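Here the structure comes first, spelled out in structure tokens, and everything after it is commentary.
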Amino acid sequence: MAPSPTSSCDLAFDREHIWHPYTSAVNPLPVYPVRSARGCRIILEDGRELIDGMASWWCAIHGYNHPRLNQAVQEQLRNMAHVMFGGLTHRPAVELARRLTAMTPTPLQHVFFADSGSVSVEAALKMALQYWCALDHPERKRFLTIRNGYHGDTFGAMSVCDPVTGMHTLFQGFLPEQIFSEAPRCAFDALWDEAYIQDFADRLEEHSQELAAVILEPVVQGAGGMRIYSPHFLRRVRELCDEAGVLLICDEIATGFGRTGKLFACEWAGISPDILCVGKALTGGYMTLAATLTTREVAHAISRNDGVFMHGPTFMANPLACAAANASLEILEEGAWRSATPRIEAALREGFSACADLPGVAEVRALGAIGVIELRTPVDVARIQAMFVERGVWVRPFGRLVYVMPPYVVSPDELDKLVSAVVDVVRRLP
Ligand code: PMP
């Protein structure tokens, strides 16, 4: 029998039957039912309005329920929601590929549409492996990355996540074993010292003959620790990869589309990767869509001797998602984010500095529309979450990190309330 429709969200059913991210089936963390979302506000079923500090995990850069994104999806819906991408193509995908190749570094000219960030990372790893196979180097099948990284929850992606905070122990014996160098120690503005790159350079030299590629998140490491590091590190990584003849994959799934104050974080270092992953904000947070871009050199090598790239998800280049992405990128191209992100950075930096000297706070940092308060001990998520909701804001900390990355459309007043609530909550932590 079909369940009877209820006018409100059935929390008991949710608790009994639905897995939320990284939770127990029997003792899950509380969840808050949402009725709607608009601009920078999330409206709960009980009518409470929360100022959104998370942009739904980096995605909703233009805010929720955006008229232009709504219109783009509605118009596309009149034509078709989806068609297979094998043997067929469509205007939204072609237009999106044209935009992506125009806005990312020039050498990246070939686009693979994936259905999530993790899948785009799988595609990136696969491209690197297929590239070396095509060049008669099948022995190059390992990846080098930096500690504290996060690249997704599928197996290839997990294998290059931080070996301690990632899920390596749980899946040991099944996960491919990759090579890790120390996490970048140099802060964003720190004076450069070659010692900072030594460990990476050593690992690269030691394993260069078996490496397919280096993979990392440029300048900001997200879910692996919300760490912000010197663009000089990235520049040296690019140089060392070139010298060693190893491909470089940049995962801009979190950092891309303006979040760090540049359109792509690679721009801080003036570098271009051989393979680039984008996702999250690509559709302005409307639908799941990601893309893996690569150079002509990689794409053509894979295609030598009738070679094909061996990936093709069912929902590849979903037209609704591509339409949302085209509208989202059009808004970005108009450029309002360029003045919004420095304004947000200044407010976060200044506001959060009030916490810097608290005994429980290890460090406070900000870049672009990202602000982080790193605590000395992990938070009680359920408790701190309730404290934020009581203050009318939506912030979801993890581990020792209280962090925000609001939609770029957050107003000065909303930002002020968000920052004050965060500072007030952090001050009250035990
Ligand atoms: N790479 C990075 C840098 C990410 O932040 C994420 C998502 N948090 C992913 C990959 C995985 O993306 P998805 O959750 O869409 O699979």
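Ligands are numbered from 1 in the order shown, chains are lettered A, B, ... in the order of the structure tokens, and residues start at 1 in each chain.
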
Ligand 1 neighbours within 8 Å using only C-alpha atoms and all ligand atoms, as JSON, numbers by chain: {"A": [57, 115, 116, 117, 118, 119, 120, 121, 149, 150, 151, 152, 153, 154, 157, 217, 221, 222, 223, 251, 252, 253, 254, 255, 277, 279, 280, 288, 289, 290]}

Neighbour list for region 97-100 of chain A as a ChimeraX atom specification, cut-off 7 Å, only C-alpha atoms, skip fewer than 4 positions in-chain: /A:93,104,111

Can those selected residues be exported to a file as a compact mmCIF listing (two decimals), in the first residue's frame so that it contains C-alpha atoms?
```
# COMPACT_ATOMS: atom_id res chain seq x y z
CA ALA A 93 25.25 20.20 -23.41
CA THR A 104 38.76 27.34 -17.85
CA VAL A 111 34.81 17.83 -21.76
```

Go through region 2-91 of chain A residue by residue and, counting only C-alpha atoms, keep those with an atom at most 8 Å from region 298-322 of chain A; for each kept residue give the shortest atom pair and its distance in Å to one decimal, ordered by chain and increasing number, as CSV.
```
residue,atom,partner,partner_atom,distance
A:Val73,CA,A:Leu320,CA,5.7
A:Gln76,CA,A:Leu320,CA,6.0
A:Leu77,CA,A:Leu320,CA,6.8
A:Met80,CA,A:Pro319,CA,7.4
A:Ala81,CA,A:Leu320,CA,5.6
A:His82,CA,A:Asn318,CA,5.6
A:Val83,CA,A:Asn318,CA,7.2
A:Met84,CA,A:Thr314,CA,6.7
A:Phe85,CA,A:Met316,CA,6.1
A:Gly86,CA,A:Gly312,CA,7.9
A:His90,CA,A:Pro319,CA,7.4
```

Every residue of region 109-305 of chain A that DSSP places in helix (DSSP H, G or I), as a PyMOL selection string: chain A and resi 117-134+155-159+194-210+231-244+266-269+280-283+296-302+304-305

Within 12 Å of Gln198 (chain A) using only C-alpha atoms, minus same-chain residues under 2 positions, as an NGL selection string: :A and (181-185 or 193-196 or 200-205 or 233 or 236-237 or 240)

Selection: 6 Å around region 260-273 of chain A, only C-alpha atoms, excl. self and same-chain fewer than 6 positions, as a list in words: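 Counting only the stated atoms, we get Pro105, Pro218, Pro231, Arg235, Leu248, Ile249, Cys250, Thr341, Leu367 and Gly368 of chain A.
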
Contact residues around Arg68 (chain A) with only C-alpha atoms at 12 Å, ignoring same-chain residues under 4 positions, as a PyMOL selection string: chain A and resi 62-64+72-75+283-284+286+323-331

Based on the selection just made, write C-alpha atoms of those residues as a PDB file, in the first residue's frame.
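See selection-v9.pdb below for the written result:
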```
ATOM      1  CA  HIS A  62      23.427  32.444  -6.423  1.00  0.00           C
ATOM      2  CA  GLY A  63      21.036  31.572  -3.596  1.00  0.00           C
ATOM      3  CA  TYR A  64      17.951  29.376  -3.657  1.00  0.00           C
ATOM      4  CA  ALA A  72      16.078  27.904 -17.410  1.00  0.00           C
ATOM      5  CA  VAL A  73      14.987  24.587 -15.904  1.00  0.00           C
ATOM      6  CA  GLN A  74      11.298  25.215 -16.652  1.00  0.00           C
ATOM      7  CA  GLU A  75      12.040  26.085 -20.278  1.00  0.00           C
ATOM      8  CA  THR A 283      24.510  24.092 -11.683  1.00  0.00           C
ATOM      9  CA  GLY A 284      24.209  26.817  -9.030  1.00  0.00           C
ATOM     10  CA  TYR A 286      20.121  23.023  -8.662  1.00  0.00           C
ATOM     11  CA  ALA A 323      20.286  24.111 -18.638  1.00  0.00           C
ATOM     12  CA  ALA A 324      20.654  25.064 -14.962  1.00  0.00           C
ATOM     13  CA  ALA A 325      24.444  25.128 -15.396  1.00  0.00           C
ATOM     14  CA  ASN A 326      24.225  27.395 -18.455  1.00  0.00           C
ATOM     15  CA  ALA A 327      22.075  29.852 -16.514  1.00  0.00           C
ATOM     16  CA  SER A 328      24.385  29.681 -13.502  1.00  0.00           C
ATOM     17  CA  LEU A 329      27.523  30.279 -15.579  1.00  0.00           C
ATOM     18  CA  GLU A 330      25.816  33.134 -17.424  1.00  0.00           C
ATOM     19  CA  ILE A 331      25.190  34.847 -14.064  1.00  0.00           C
TER      20      ILE A 331
END
```

DSSP strand (DSSP E) selection over region 305-416 of chain A, as a PyMOL selection string: chain A and resi 361-367+370-375+393-394+401-404

Residues within 12 Å of Thr165 (chain A), only C-alpha atoms, excluding chain neighbours under 6 positions, as JSON, numbers by chain: {"A": [147, 148, 149, 150, 158, 159, 223, 224, 225, 398, 399]}

Shell of 12 Å around Ile384 (chain A), only C-alpha atoms, local chain residues under 4 positions omitted, as JSON, numbers by chain: {"A": [29, 30, 378, 379, 380, 388, 389, 390, 391, 393, 394, 395, 396, 397, 398, 399, 400, 401, 402, 421, 422, 424, 425, 426, 427, 428, 429, 430]}

Kindly export the residues of the current selection with N, CA, C and O atoms, as a CSV table (one decimal), in the first residue's frame.
```
chain,number,residue,atom,x,y,z
A,29,LEU,N,21.9,11.5,13.8
A,29,LEU,CA,21.8,12.8,14.3
A,29,LEU,C,20.5,13.4,13.9
A,29,LEU,O,19.9,13.0,12.9
A,30,PRO,N,20.0,14.4,14.7
A,30,PRO,CA,18.7,15.0,14.3
A,30,PRO,C,18.8,15.7,12.9
A,30,PRO,O,19.9,16.2,12.5
A,378,PRO,N,37.0,18.4,18.8
A,378,PRO,CA,35.9,18.2,18.0
A,378,PRO,C,34.6,18.7,18.6
A,378,PRO,O,34.5,18.7,19.9
A,379,VAL,N,33.7,19.2,17.8
A,379,VAL,CA,32.4,19.7,18.3
A,379,VAL,C,31.4,18.6,18.5
A,379,VAL,O,31.5,17.5,17.9
A,380,ASP,N,30.4,18.8,19.4
A,380,ASP,CA,29.2,17.9,19.5
A,380,ASP,C,28.3,18.4,18.4
A,380,ASP,O,27.6,19.5,18.6
A,388,PHE,N,23.0,26.9,16.6
A,388,PHE,CA,23.0,27.8,15.4
A,388,PHE,C,21.5,28.0,15.0
A,388,PHE,O,21.2,29.1,14.7
A,389,VAL,N,20.7,26.9,15.0
A,389,VAL,CA,19.3,27.1,14.6
A,389,VAL,C,18.6,28.0,15.5
A,389,VAL,O,17.9,28.9,15.0
A,390,GLU,N,18.9,27.9,16.8
A,390,GLU,CA,18.3,28.9,17.8
A,390,GLU,C,18.6,30.3,17.4
A,390,GLU,O,17.8,31.2,17.7
A,391,ARG,N,19.8,30.5,16.8
A,391,ARG,CA,20.2,31.9,16.5
A,391,ARG,C,19.8,32.3,15.0
A,391,ARG,O,20.2,33.3,14.5
A,393,VAL,N,20.6,30.8,12.1
A,393,VAL,CA,21.5,30.6,11.0
A,393,VAL,C,21.7,29.1,10.7
A,393,VAL,O,21.5,28.2,11.6
A,394,TRP,N,22.1,28.7,9.5
A,394,TRP,CA,22.4,27.3,9.2
A,394,TRP,C,23.9,27.2,8.9
A,394,TRP,O,24.5,27.7,7.9
A,395,VAL,N,24.5,26.5,9.9
A,395,VAL,CA,26.0,26.3,9.8
A,395,VAL,C,26.2,24.8,10.3
A,395,VAL,O,25.6,24.4,11.3
A,396,ARG,N,26.9,24.0,9.5
A,396,ARG,CA,27.1,22.6,9.9
A,396,ARG,C,28.6,22.3,10.0
A,396,ARG,O,29.3,22.0,9.1
A,397,PRO,N,29.0,22.3,11.3
A,397,PRO,CA,30.5,22.0,11.5
A,397,PRO,C,30.8,20.5,11.3
A,397,PRO,O,29.8,19.7,11.4
A,398,PHE,N,32.0,20.2,11.1
A,398,PHE,CA,32.4,18.8,11.3
A,398,PHE,C,33.8,18.8,12.0
A,398,PHE,O,34.6,19.7,11.8
A,399,GLY,N,34.0,17.7,12.7
A,399,GLY,CA,35.2,17.5,13.5
A,399,GLY,C,35.5,18.8,14.3
A,399,GLY,O,34.7,19.2,15.1
A,400,ARG,N,36.7,19.4,14.1
A,400,ARG,CA,37.1,20.5,14.8
A,400,ARG,C,36.9,21.8,14.1
A,400,ARG,O,37.4,22.9,14.4
A,401,LEU,N,36.1,21.7,13.0
A,401,LEU,CA,35.9,22.9,12.1
A,401,LEU,C,34.5,23.5,12.1
A,401,LEU,O,33.5,22.8,11.8
A,402,VAL,N,34.5,24.8,12.4
A,402,VAL,CA,33.3,25.5,12.2
A,402,VAL,C,33.6,26.4,11.1
A,402,VAL,O,34.5,27.2,11.1
A,421,ALA,N,26.4,35.2,14.9
A,421,ALA,CA,25.9,34.0,15.5
A,421,ALA,C,27.0,33.0,15.7
A,421,ALA,O,27.1,32.3,16.7
A,422,VAL,N,27.9,32.9,14.6
A,422,VAL,CA,29.0,32.0,14.7
A,422,VAL,C,29.9,32.4,15.9
A,422,VAL,O,30.3,31.5,16.7
A,424,ASP,N,29.2,34.1,18.5
A,424,ASP,CA,28.5,33.9,19.8
A,424,ASP,C,28.6,32.4,20.2
A,424,ASP,O,28.9,32.1,21.4
A,425,VAL,N,28.3,31.5,19.2
A,425,VAL,CA,28.3,30.1,19.5
A,425,VAL,C,29.7,29.6,19.9
A,425,VAL,O,29.9,28.9,20.9
A,426,VAL,N,30.7,30.0,19.1
A,426,VAL,CA,32.0,29.6,19.4
A,426,VAL,C,32.5,30.0,20.8
A,426,VAL,O,33.1,29.3,21.5
A,427,ARG,N,32.1,31.3,21.2
A,427,ARG,CA,32.5,31.8,22.5
A,427,ARG,C,31.9,30.9,23.6
A,427,ARG,O,32.4,30.8,24.7
A,428,ARG,N,30.7,30.3,23.4
A,428,ARG,CA,30.0,29.6,24.4
A,428,ARG,C,30.5,28.1,24.5
A,428,ARG,O,30.0,27.3,25.3
A,429,LEU,N,31.3,27.7,23.5
A,429,LEU,CA,31.7,26.3,23.5
A,429,LEU,C,32.5,26.0,24.8
A,429,LEU,O,33.3,26.8,25.2
A,430,PRO,N,32.4,24.8,25.3
A,430,PRO,CA,33.2,24.4,26.5
A,430,PRO,C,34.7,24.4,26.2
A,430,PRO,O,35.1,24.1,25.2
```

Two-atom distance - CA of Ile344 (chain A), CA of Val404 (chain A) (Å):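 CA of Val404 (chain A) lies at a distance of 10.5 Å from CA of Ile344 (chain A).
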
Pairwise distance for CA of Tyr403 (chain A) and CA of Glu374 (chain A), rounded to one decimal in Å: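 Distance reported for this atom pair: 8.1 Å.
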